[in-house]
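The structure appears right after this line, and notes come after that.
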Amino acid sequence: KRTTGLVLSRSTSAPGSLLIVNPQPGYELDKNGWGPRLALDWGMLANTTFHVSGGITTLLPNIWQDNSLTGSNPFVVYPRLTAAPGQPVRFGTSITPQQLPVIYNTAGAALFASGDSKQVPSNSAMDLLRYERDLAALSPNHEITPLVVAGVASNFRNGYLGTWTAGLEQKLAGVVINAGYVGIAGVKLAAMDFPNGYAGADPAFSPYTLYDASGRIAGGYAQASLITNRSHSTYHALQISAQNSLTSWGLGVQASYTFAKSIDDSSSVLGGAGTSGTLTLPGPMNPFDTRADKGPSSFDIKSALSFSVFQELHADRFTVLHPLGSTLTRGWQLLGIGTFQTGIPFTVYSGIQQTGVGAGATDRPDQVGTPQLSTNRTVREDYFGLGANNTSYFSIPVNVPGGTGPNHGVFGSLGRNTFRGPGFHNLDIALIKDTPLGQRSGGELANLQFRAEFFNVFNLVNFGLPSNTVLGPGFGVISKSAGSSRQIQLSLKVIF
């Protein structure tokens, strides 16, 4: 059920002037969760099986999407003051409580007259222009500030995932080998849209903001953030795995390898600062041309190898250890888990507003050089290799003919997620000893387990992603690691 609804009108008298409260009907979601599946197996030979399958999954909306509804007007108001170039912004060191204006509908009646936000008639239209004028009367300079609004698009629907696979399974001397192709397509996936540009957009890029004859803002919307179904993704992968049956010596091995490619135009609805000092922004560079952001997914991993080894250590089979007794020589196990994968993509941002589309921090530069990336060098923390001169590989297109915005620039030609960070390598080992404690009908009364676990046993250094803002501090420098250093953990527990 929708809580609010934006009316994006390009009327010259009052563009973007209506905000619908309690819009009805609600979203037309797929209520039956339609998800057909089909799988076929063909025993080609005695030990060879051909598998093929396909299916469709209905995606349910996430409950956190409601934050875009209840966290925006008319329930939450974000007045903002923007100074003209060269003009100071007045502020104080204390907060003075201020009563916000009454919210009216377009018929002139108080929208929340009952005092209960849930008791609002269906499809009530908020008089946004009146509210903005009343709010301006309370501000120090009495200037109208368009309100920042957020919501979910009125045509929001369920997304869908289509999956298809084909592969072979071969049994060979106690080992099961699988090799197959996996394809996934995401249709109508949730993504964030900005139909009125970003904050501070020029009139040419803010069709839902009202301007007077002198070009001053007279009302309407400021930045409008809408959750829509515009996104699409594809995933193709070759997956190979092998698993053996536990041998007489207690050896078990599992291994898998994936060679894959994931492509989309938005990898998340929300974003922000990454864990390694890297910006991961969900918005497009040009909100009016989202197709230009099609590229590798932010979580795309080209190549990944993982394995696990389990070995029962039959120390009691060695005659030399018999004097220690069965209590000390039985129940030992060795476990190893390894992960080796290529790095994930990241985007290089300019760090300056290039065009009149506004300050969304999503502007990208032009690439003018070919760096020798640290993934191919010994000194890995300097990703682009030139230290303080890493910016020389990029040019920010501002102050150019035909440019727009305060810096008279254009959109850069560099694509989204065009670089990849360092790979990740890790090996964990655990030594386990199980000792039975007492007996009862059907088994042991309890079990005393000792575990010596070594995480990242070889203390491999896995670098994170570099700072990715050209005009930001430490551009191109990797300042954090991915994963932990070697950790040793000893534990003792009783299982009963």
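Letters for chains follow the order of the structure tokens (A, B, ...), residue numbers begin at 1 for each chain, and ligand numbers begin at 1 in the order shown.
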
Range 243-387 of chain A: residues DSSP assigns to strand (DSSP E), reported as a PyMOL selection string: chain A and resi 243-244+251-264+272-273+279-280+295-296+303-313+332-341+345-346+366-367

Please produce a file of the residues just selected, as a short mmCIF file (atom, residue, chain, number, x, y, z; two decimals), in the first residue's frame, where the atoms kept are N, CA and C atoms.
```
data_model
loop_
_atom_site.label_atom_id
_atom_site.label_comp_id
_atom_site.auth_asym_id
_atom_site.auth_seq_id
_atom_site.Cartn_x
_atom_site.Cartn_y
_atom_site.Cartn_z
N GLN A 243 33.29 -33.47 -6.37
CA GLN A 243 33.14 -33.92 -4.98
C GLN A 243 33.35 -35.42 -4.92
N ASN A 244 34.15 -35.85 -3.96
CA ASN A 244 34.41 -37.28 -3.84
C ASN A 244 33.68 -37.87 -2.65
N LEU A 251 39.26 -39.27 3.75
CA LEU A 251 39.54 -38.06 2.99
C LEU A 251 38.32 -37.65 2.19
N GLY A 252 37.92 -36.39 2.33
CA GLY A 252 36.82 -35.83 1.56
C GLY A 252 37.23 -34.50 0.94
N VAL A 253 36.94 -34.34 -0.34
CA VAL A 253 37.35 -33.13 -1.06
C VAL A 253 36.17 -32.59 -1.85
N GLN A 254 35.98 -31.29 -1.78
CA GLN A 254 35.02 -30.59 -2.62
C GLN A 254 35.72 -29.39 -3.25
N ALA A 255 35.46 -29.15 -4.51
CA ALA A 255 36.06 -28.01 -5.20
C ALA A 255 35.09 -27.48 -6.24
N SER A 256 35.11 -26.17 -6.44
CA SER A 256 34.25 -25.57 -7.46
C SER A 256 34.96 -24.38 -8.09
N TYR A 257 34.67 -24.17 -9.36
CA TYR A 257 35.25 -23.04 -10.10
C TYR A 257 34.14 -22.39 -10.91
N THR A 258 34.13 -21.06 -10.92
CA THR A 258 33.12 -20.31 -11.66
C THR A 258 33.80 -19.24 -12.51
N PHE A 259 33.43 -19.22 -13.78
CA PHE A 259 33.85 -18.16 -14.69
C PHE A 259 32.58 -17.45 -15.12
N ALA A 260 32.42 -16.17 -14.72
CA ALA A 260 31.11 -15.54 -14.85
C ALA A 260 31.22 -14.09 -15.29
N LYS A 261 30.07 -13.55 -15.68
CA LYS A 261 29.94 -12.14 -16.04
C LYS A 261 28.55 -11.67 -15.65
N SER A 262 28.50 -10.61 -14.82
CA SER A 262 27.24 -10.02 -14.42
C SER A 262 27.20 -8.57 -14.88
N ILE A 263 26.13 -8.19 -15.58
CA ILE A 263 26.00 -6.85 -16.15
C ILE A 263 24.67 -6.25 -15.70
N ASP A 264 24.69 -4.97 -15.34
CA ASP A 264 23.45 -4.26 -15.01
C ASP A 264 23.67 -2.76 -15.18
N GLY A 272 26.56 4.38 -0.79
CA GLY A 272 27.28 5.29 0.08
C GLY A 272 28.75 4.95 0.07
N ALA A 273 29.42 5.26 1.15
CA ALA A 273 30.85 5.00 1.25
C ALA A 273 31.09 3.51 1.43
N LEU A 279 33.68 5.20 -2.91
CA LEU A 279 32.29 5.56 -3.08
C LEU A 279 31.59 4.54 -3.96
N THR A 280 30.41 4.11 -3.53
CA THR A 280 29.57 3.23 -4.35
C THR A 280 28.20 3.89 -4.42
N GLY A 295 26.97 -1.58 -17.35
CA GLY A 295 28.34 -2.06 -17.22
C GLY A 295 28.40 -3.24 -16.27
N PRO A 296 29.60 -3.68 -15.91
CA PRO A 296 29.73 -4.79 -14.96
C PRO A 296 29.06 -4.45 -13.63
N SER A 303 36.30 -14.62 -12.00
CA SER A 303 36.83 -15.97 -11.79
C SER A 303 36.90 -16.25 -10.30
N ALA A 304 36.39 -17.40 -9.88
CA ALA A 304 36.39 -17.74 -8.46
C ALA A 304 36.63 -19.24 -8.29
N LEU A 305 37.58 -19.57 -7.43
CA LEU A 305 37.89 -20.96 -7.10
C LEU A 305 37.77 -21.13 -5.60
N SER A 306 37.04 -22.15 -5.19
CA SER A 306 36.93 -22.45 -3.76
C SER A 306 37.01 -23.96 -3.57
N PHE A 307 37.55 -24.36 -2.44
CA PHE A 307 37.67 -25.79 -2.15
C PHE A 307 37.65 -26.02 -0.65
N SER A 308 37.31 -27.22 -0.29
CA SER A 308 37.38 -27.64 1.11
C SER A 308 37.92 -29.06 1.16
N VAL A 309 38.76 -29.31 2.15
CA VAL A 309 39.37 -30.63 2.33
C VAL A 309 39.11 -31.08 3.76
N PHE A 310 38.60 -32.30 3.88
CA PHE A 310 38.33 -32.88 5.20
C PHE A 310 39.12 -34.19 5.31
N GLN A 311 39.89 -34.30 6.38
CA GLN A 311 40.70 -35.50 6.57
C GLN A 311 40.57 -35.99 8.01
N GLU A 312 40.12 -37.22 8.15
CA GLU A 312 40.14 -37.85 9.46
C GLU A 312 41.56 -38.34 9.73
N LEU A 313 42.13 -37.91 10.83
CA LEU A 313 43.51 -38.27 11.17
C LEU A 313 43.49 -39.52 12.06
N TRP A 332 40.58 -37.25 15.83
CA TRP A 332 41.25 -36.08 15.26
C TRP A 332 40.78 -35.85 13.81
N GLN A 333 40.56 -34.59 13.47
CA GLN A 333 40.14 -34.22 12.11
C GLN A 333 40.87 -32.95 11.68
N LEU A 334 41.15 -32.88 10.39
CA LEU A 334 41.79 -31.69 9.82
C LEU A 334 40.88 -31.14 8.72
N LEU A 335 40.59 -29.86 8.78
CA LEU A 335 39.69 -29.22 7.82
C LEU A 335 40.38 -28.01 7.21
N GLY A 336 40.30 -27.88 5.90
CA GLY A 336 40.87 -26.72 5.20
C GLY A 336 39.87 -26.14 4.22
N ILE A 337 39.75 -24.81 4.19
CA ILE A 337 38.84 -24.12 3.27
C ILE A 337 39.62 -23.02 2.57
N GLY A 338 39.62 -23.03 1.25
CA GLY A 338 40.35 -22.03 0.48
C GLY A 338 39.45 -21.26 -0.46
N THR A 339 39.75 -19.98 -0.65
CA THR A 339 39.00 -19.12 -1.56
C THR A 339 39.98 -18.26 -2.34
N PHE A 340 39.86 -18.29 -3.66
CA PHE A 340 40.71 -17.48 -4.54
C PHE A 340 39.81 -16.89 -5.62
N GLN A 341 39.76 -15.56 -5.70
CA GLN A 341 38.88 -14.94 -6.68
C GLN A 341 39.46 -13.61 -7.17
N PRO A 345 34.60 -4.80 -9.52
CA PRO A 345 34.73 -3.52 -10.24
C PRO A 345 34.47 -2.32 -9.34
N PHE A 346 34.96 -1.17 -9.79
CA PHE A 346 34.62 0.10 -9.13
C PHE A 346 34.65 1.21 -10.17
N ASP A 366 36.90 11.97 -18.16
CA ASP A 366 37.42 11.29 -19.35
C ASP A 366 38.73 10.60 -18.96
N GLN A 367 38.98 9.44 -19.53
CA GLN A 367 40.27 8.78 -19.31
C GLN A 367 41.19 9.16 -20.46
#
```

Who sits within 10 Å of Pro406 in chain A, only C-alpha atoms, same chain under 6 positions skipped, as a PyMOL selection string: chain A and resi 85+200-202+353-356+358+398-399

Once you count only C-alpha atoms, what closest atom pair and distance in Å to one decimal does each residue of range 216-330 of chain A within 9 Å of range 425-446 of chain A have, with rows by chain and rising residue number, as JSON lines?
```
{"residue": "A:Thr327", "atom": "CA", "partner": "A:Thr435", "partner_atom": "CA", "distance": 6.8}
{"residue": "A:Leu328", "atom": "CA", "partner": "A:Thr435", "partner_atom": "CA", "distance": 8.1}
{"residue": "A:Arg330", "atom": "CA", "partner": "A:Thr435", "partner_atom": "CA", "distance": 7.7}
```

Residue with smallest distance to Lys302 in chain A - pool A:Thr319, A:Asn286, A:Thr96, A:Thr342, counting only C-alpha atoms: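 Closest residue, counting only C-alpha atoms: A:Thr342.
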
Pick from A:Asn407, A:Ser266, A:Asn390, A:Thr418 nearest to Ile344 in chain A, counting only C-alpha atoms: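 Of A:Asn407, A:Ser266, A:Asn390, A:Thr418, the one nearest Ile344 in chain A is A:Thr418, counting only C-alpha atoms.
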
Point-to-point distance from CA of Phe288 in chain A to CA of Ala150 in chain A, Å rounded to tenths: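 Between CA of Phe288 in chain A and CA of Ala150 in chain A the gap is 17.3 Å.
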
Surrounding residues of Gly343 in chain A excluding itself and chain neighbours under 2 positions, 7 Å, only C-alpha atoms, as a count of residues only: 8

Selection near Ile396 in chain A, 10 Å with only C-alpha atoms, sequence-local residues under 3 positions removed, as an MDAnalysis selection string: chainID A and resid 349:354 363:368 391 399 409:413 470:471

Could you write out that same residue set with N, CA and C atoms as a PDB file, in the first residue's frame?
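Okay, this is what ended up in out-v8.pdb:
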```pdb
ATOM      1  N   TYR A 349      35.055   8.528  -9.978  1.00  0.00           N
ATOM      2  CA  TYR A 349      34.232   9.736 -10.005  1.00  0.00           C
ATOM      3  C   TYR A 349      35.119  10.982 -10.042  1.00  0.00           C
ATOM      4  N   SER A 350      34.564  12.070 -10.576  1.00  0.00           N
ATOM      5  CA  SER A 350      35.334  13.311 -10.716  1.00  0.00           C
ATOM      6  C   SER A 350      35.500  14.037  -9.390  1.00  0.00           C
ATOM      7  N   GLY A 351      34.432  14.102  -8.602  1.00  0.00           N
ATOM      8  CA  GLY A 351      34.491  14.863  -7.357  1.00  0.00           C
ATOM      9  C   GLY A 351      34.109  16.316  -7.527  1.00  0.00           C
ATOM     10  N   ILE A 352      33.467  16.652  -8.646  1.00  0.00           N
ATOM     11  CA  ILE A 352      33.034  18.021  -8.907  1.00  0.00           C
ATOM     12  C   ILE A 352      31.773  17.955  -9.754  1.00  0.00           C
ATOM     13  N   GLN A 353      30.897  18.947  -9.596  1.00  0.00           N
ATOM     14  CA  GLN A 353      29.712  19.016 -10.434  1.00  0.00           C
ATOM     15  C   GLN A 353      30.116  19.501 -11.818  1.00  0.00           C
ATOM     16  N   GLN A 354      29.982  18.631 -12.806  1.00  0.00           N
ATOM     17  CA  GLN A 354      30.432  18.963 -14.160  1.00  0.00           C
ATOM     18  C   GLN A 354      29.361  19.668 -14.977  1.00  0.00           C
ATOM     19  N   ASP A 363      29.278  12.368 -11.252  1.00  0.00           N
ATOM     20  CA  ASP A 363      29.972  12.744 -12.485  1.00  0.00           C
ATOM     21  C   ASP A 363      31.247  11.931 -12.658  1.00  0.00           C
ATOM     22  N   ARG A 364      31.505  11.515 -13.900  1.00  0.00           N
ATOM     23  CA  ARG A 364      32.706  10.745 -14.217  1.00  0.00           C
ATOM     24  C   ARG A 364      33.564  11.528 -15.213  1.00  0.00           C
ATOM     25  N   PRO A 365      34.890  11.367 -15.149  1.00  0.00           N
ATOM     26  CA  PRO A 365      35.795  12.120 -16.023  1.00  0.00           C
ATOM     27  C   PRO A 365      36.003  11.413 -17.360  1.00  0.00           C
ATOM     28  N   ASP A 366      36.898  11.965 -18.159  1.00  0.00           N
ATOM     29  CA  ASP A 366      37.423  11.291 -19.347  1.00  0.00           C
ATOM     30  C   ASP A 366      38.725  10.600 -18.957  1.00  0.00           C
ATOM     31  N   GLN A 367      38.977   9.440 -19.531  1.00  0.00           N
ATOM     32  CA  GLN A 367      40.268   8.783 -19.314  1.00  0.00           C
ATOM     33  C   GLN A 367      41.193   9.163 -20.459  1.00  0.00           C
ATOM     34  N   VAL A 368      42.383   9.689 -20.130  1.00  0.00           N
ATOM     35  CA  VAL A 368      43.309  10.180 -21.149  1.00  0.00           C
ATOM     36  C   VAL A 368      44.630   9.422 -21.140  1.00  0.00           C
ATOM     37  N   THR A 391      46.096  11.470 -10.897  1.00  0.00           N
ATOM     38  CA  THR A 391      45.048  12.220 -11.595  1.00  0.00           C
ATOM     39  C   THR A 391      45.404  12.496 -13.051  1.00  0.00           C
ATOM     40  N   ASN A 399      34.504  23.763 -18.177  1.00  0.00           N
ATOM     41  CA  ASN A 399      34.897  24.963 -18.924  1.00  0.00           C
ATOM     42  C   ASN A 399      35.153  24.642 -20.395  1.00  0.00           C
ATOM     43  N   GLY A 409      30.463  22.419 -17.813  1.00  0.00           N
ATOM     44  CA  GLY A 409      31.040  21.146 -18.221  1.00  0.00           C
ATOM     45  C   GLY A 409      30.053  20.242 -18.930  1.00  0.00           C
ATOM     46  N   VAL A 410      30.564  19.086 -19.327  1.00  0.00           N
ATOM     47  CA  VAL A 410      29.756  18.053 -19.974  1.00  0.00           C
ATOM     48  C   VAL A 410      30.002  16.736 -19.242  1.00  0.00           C
ATOM     49  N   PHE A 411      29.203  15.719 -19.576  1.00  0.00           N
ATOM     50  CA  PHE A 411      29.389  14.411 -18.971  1.00  0.00           C
ATOM     51  C   PHE A 411      30.666  13.767 -19.506  1.00  0.00           C
ATOM     52  N   GLY A 412      31.404  13.098 -18.628  1.00  0.00           N
ATOM     53  CA  GLY A 412      32.624  12.420 -19.040  1.00  0.00           C
ATOM     54  C   GLY A 412      32.334  11.152 -19.824  1.00  0.00           C
ATOM     55  N   SER A 413      33.333  10.683 -20.547  1.00  0.00           N
ATOM     56  CA  SER A 413      33.175   9.499 -21.395  1.00  0.00           C
ATOM     57  C   SER A 413      33.525   8.199 -20.680  1.00  0.00           C
ATOM     58  N   VAL A 470      38.638  11.548  -8.173  1.00  0.00           N
ATOM     59  CA  VAL A 470      39.816  12.195  -8.761  1.00  0.00           C
ATOM     60  C   VAL A 470      40.259  13.403  -7.944  1.00  0.00           C
ATOM     61  N   LEU A 471      39.328  14.237  -7.538  1.00  0.00           N
ATOM     62  CA  LEU A 471      39.671  15.438  -6.779  1.00  0.00           C
ATOM     63  C   LEU A 471      39.610  15.217  -5.273  1.00  0.00           C
TER      64      LEU A 471
END
```

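Taking CA of Asn123 in chain A and CA of Phe75 in chain A as endpoints, the distance between them is 15.7 Å.
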
Non-local contacts of Leu128 in chain A (12 Å; only C-alpha atoms; under 3 positions in same chain excluded) as a ChimeraX atom specification: /A:6-7,14-21,73-74,77,101-106,108,111,124-125,131-135,144-149,209-210,218-222

Would you put the residues from that selection into a file with C-alpha atoms, as an mmCIF file, in the first residue's frame?
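Wrote it out as selection14.cif, contents follow:
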```cif
data_model
loop_
_atom_site.group_PDB
_atom_site.id
_atom_site.type_symbol
_atom_site.label_atom_id
_atom_site.label_comp_id
_atom_site.auth_asym_id
_atom_site.auth_seq_id
_atom_site.Cartn_x
_atom_site.Cartn_y
_atom_site.Cartn_z
ATOM 1 C CA LEU A 6 4.233 12.402 -6.268
ATOM 2 C CA VAL A 7 2.431 14.095 -9.120
ATOM 3 C CA ALA A 14 2.856 24.973 -11.047
ATOM 4 C CA PRO A 15 5.103 22.093 -12.110
ATOM 5 C CA GLY A 16 5.376 19.359 -9.518
ATOM 6 C CA SER A 17 2.890 21.170 -7.315
ATOM 7 C CA LEU A 18 0.852 18.239 -6.001
ATOM 8 C CA LEU A 19 1.676 15.615 -3.437
ATOM 9 C CA ILE A 20 -0.963 12.910 -3.062
ATOM 10 C CA VAL A 21 -1.478 11.562 0.459
ATOM 11 C CA ASN A 73 6.862 15.058 2.838
ATOM 12 C CA PRO A 74 4.386 15.608 4.315
ATOM 13 C CA VAL A 77 10.226 18.169 6.002
ATOM 14 C CA PRO A 101 3.113 25.632 8.843
ATOM 15 C CA VAL A 102 -0.220 23.851 8.656
ATOM 16 C CA ILE A 103 -0.498 21.512 5.675
ATOM 17 C CA TYR A 104 -3.561 22.182 3.517
ATOM 18 C CA ASN A 105 -5.148 20.304 0.680
ATOM 19 C CA THR A 106 -5.947 22.010 -2.613
ATOM 20 C CA GLY A 108 -8.060 24.861 1.496
ATOM 21 C CA LEU A 111 -4.913 17.896 5.700
ATOM 22 C CA SER A 124 -5.877 13.896 -0.810
ATOM 23 C CA ALA A 125 -3.804 16.445 -2.712
ATOM 24 C CA TYR A 131 3.056 25.144 2.072
ATOM 25 C CA GLU A 132 6.312 26.361 0.494
ATOM 26 C CA ARG A 133 5.153 29.980 0.684
ATOM 27 C CA ASP A 134 4.099 29.578 4.321
ATOM 28 C CA LEU A 135 7.458 27.976 5.067
ATOM 29 C CA ILE A 144 10.875 30.002 -1.331
ATOM 30 C CA THR A 145 12.821 26.770 -1.146
ATOM 31 C CA PRO A 146 11.475 23.839 -3.176
ATOM 32 C CA LEU A 147 11.057 20.753 -1.029
ATOM 33 C CA VAL A 148 13.149 17.639 -1.412
ATOM 34 C CA VAL A 149 10.775 14.725 -1.899
ATOM 35 C CA THR A 209 10.684 23.063 -10.349
ATOM 36 C CA LEU A 210 8.819 26.347 -10.835
ATOM 37 C CA ALA A 218 9.245 30.032 -7.099
ATOM 38 C CA GLY A 219 8.140 26.562 -5.951
ATOM 39 C CA GLY A 220 7.649 23.001 -7.088
ATOM 40 C CA TYR A 221 9.983 20.159 -6.250
ATOM 41 C CA ALA A 222 13.729 20.187 -5.654
#
```

Residues near range 175-177 of chain A, cut-off 8 Å, only C-alpha atoms, skip fewer than 4 positions along chain, as a ChimeraX atom specification: /A:169-171,240-245

Computed interatomic separation between CA of Gly33 in chain A and CA of Thr70 in chain A (Å): 26.1 Å

Within 10 Å of His51 in chain A using only C-alpha atoms, minus same-chain residues under 2 positions, as an mmCIF file with N, CA and C atoms, in the first residue's frame:
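After the write, part.cif holds the following:
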```
data_model
loop_
_atom_site.group_PDB
_atom_site.id
_atom_site.type_symbol
_atom_site.label_atom_id
_atom_site.label_comp_id
_atom_site.auth_asym_id
_atom_site.auth_seq_id
_atom_site.Cartn_x
_atom_site.Cartn_y
_atom_site.Cartn_z
ATOM 1 N N ALA A 39 12.406 -28.893 -14.802
ATOM 2 C CA ALA A 39 13.729 -29.529 -14.800
ATOM 3 C C ALA A 39 13.629 -30.893 -15.462
ATOM 4 N N LEU A 40 14.607 -31.199 -16.305
ATOM 5 C CA LEU A 40 14.659 -32.479 -17.006
ATOM 6 C C LEU A 40 16.034 -33.101 -16.831
ATOM 7 N N ASP A 41 16.075 -34.394 -16.562
ATOM 8 C CA ASP A 41 17.315 -35.156 -16.462
ATOM 9 C C ASP A 41 17.279 -36.289 -17.478
ATOM 10 N N TRP A 42 18.409 -36.478 -18.157
ATOM 11 C CA TRP A 42 18.505 -37.552 -19.162
ATOM 12 C C TRP A 42 19.753 -38.370 -18.871
ATOM 13 N N GLY A 43 19.550 -39.647 -18.559
ATOM 14 C CA GLY A 43 20.675 -40.540 -18.320
ATOM 15 C C GLY A 43 21.291 -40.970 -19.637
ATOM 16 N N THR A 48 26.688 -40.984 -16.753
ATOM 17 C CA THR A 48 26.608 -39.620 -17.274
ATOM 18 C C THR A 48 25.156 -39.179 -17.354
ATOM 19 N N THR A 49 24.865 -38.011 -16.779
ATOM 20 C CA THR A 49 23.507 -37.473 -16.773
ATOM 21 C C THR A 49 23.524 -36.045 -17.305
ATOM 22 N N SER A 53 17.267 -27.077 -16.931
ATOM 23 C CA SER A 53 16.190 -26.547 -16.094
ATOM 24 C C SER A 53 15.944 -25.086 -16.428
ATOM 25 N N THR A 165 19.455 -23.237 -16.983
ATOM 26 C CA THR A 165 20.710 -23.960 -16.776
ATOM 27 C C THR A 165 20.769 -25.175 -17.686
ATOM 28 N N ALA A 166 21.980 -25.594 -17.982
ATOM 29 C CA ALA A 166 22.213 -26.831 -18.736
ATOM 30 C C ALA A 166 23.583 -27.357 -18.343
ATOM 31 N N GLY A 167 23.680 -28.659 -18.086
ATOM 32 C CA GLY A 167 24.968 -29.187 -17.659
ATOM 33 C C GLY A 167 25.026 -30.695 -17.672
ATOM 34 N N LEU A 168 26.228 -31.206 -17.437
ATOM 35 C CA LEU A 168 26.496 -32.642 -17.402
ATOM 36 C C LEU A 168 26.999 -33.039 -16.021
ATOM 37 N N GLU A 169 26.590 -34.237 -15.594
ATOM 38 C CA GLU A 169 27.101 -34.829 -14.357
ATOM 39 C C GLU A 169 27.756 -36.159 -14.693
ATOM 40 N N ASN A 178 30.549 -32.102 -12.009
ATOM 41 C CA ASN A 178 29.472 -31.361 -12.651
ATOM 42 C C ASN A 178 30.053 -30.195 -13.438
ATOM 43 N N ALA A 179 29.570 -30.007 -14.636
ATOM 44 C CA ALA A 179 29.964 -28.871 -15.470
ATOM 45 C C ALA A 179 28.713 -28.353 -16.161
ATOM 46 N N GLY A 180 28.487 -27.055 -16.052
ATOM 47 C CA GLY A 180 27.266 -26.541 -16.638
ATOM 48 C C GLY A 180 27.287 -25.046 -16.865
#
```

Picked from range 100-339 of chain A by DSSP as alpha helix (DSSP H), as a PyMOL selection string: chain A and resi 128-138+326-329

How would the residues just picked look written out with C-alpha atoms as an mmCIF file, in the first residue's frame?
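Contents of the output file again-v2.cif:
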```
data_model
loop_
_atom_site.group_PDB
_atom_site.id
_atom_site.type_symbol
_atom_site.label_atom_id
_atom_site.label_comp_id
_atom_site.auth_asym_id
_atom_site.auth_seq_id
_atom_site.Cartn_x
_atom_site.Cartn_y
_atom_site.Cartn_z
ATOM 1 C CA LEU A 128 2.608 22.154 -2.055
ATOM 2 C CA LEU A 129 2.983 25.733 -3.307
ATOM 3 C CA ARG A 130 0.985 27.128 -0.382
ATOM 4 C CA TYR A 131 3.056 25.144 2.072
ATOM 5 C CA GLU A 132 6.312 26.361 0.494
ATOM 6 C CA ARG A 133 5.153 29.980 0.684
ATOM 7 C CA ASP A 134 4.099 29.578 4.321
ATOM 8 C CA LEU A 135 7.458 27.976 5.067
ATOM 9 C CA ALA A 136 9.280 30.843 3.334
ATOM 10 C CA ALA A 137 7.459 33.325 5.571
ATOM 11 C CA LEU A 138 9.140 31.689 8.569
ATOM 12 C CA SER A 326 42.815 -44.482 22.209
ATOM 13 C CA THR A 327 41.484 -41.493 24.164
ATOM 14 C CA LEU A 328 44.299 -39.307 22.824
ATOM 15 C CA THR A 329 44.745 -40.848 19.368
#
```

Using only C-alpha atoms: which of A:Gly54, A:Pro61, A:Gly71, A:Pro284 has the shortest distance to Phe156 in chain A: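 Ranking A:Gly54, A:Pro61, A:Gly71, A:Pro284 by distance to Phe156 in chain A, first place goes to A:Pro61.
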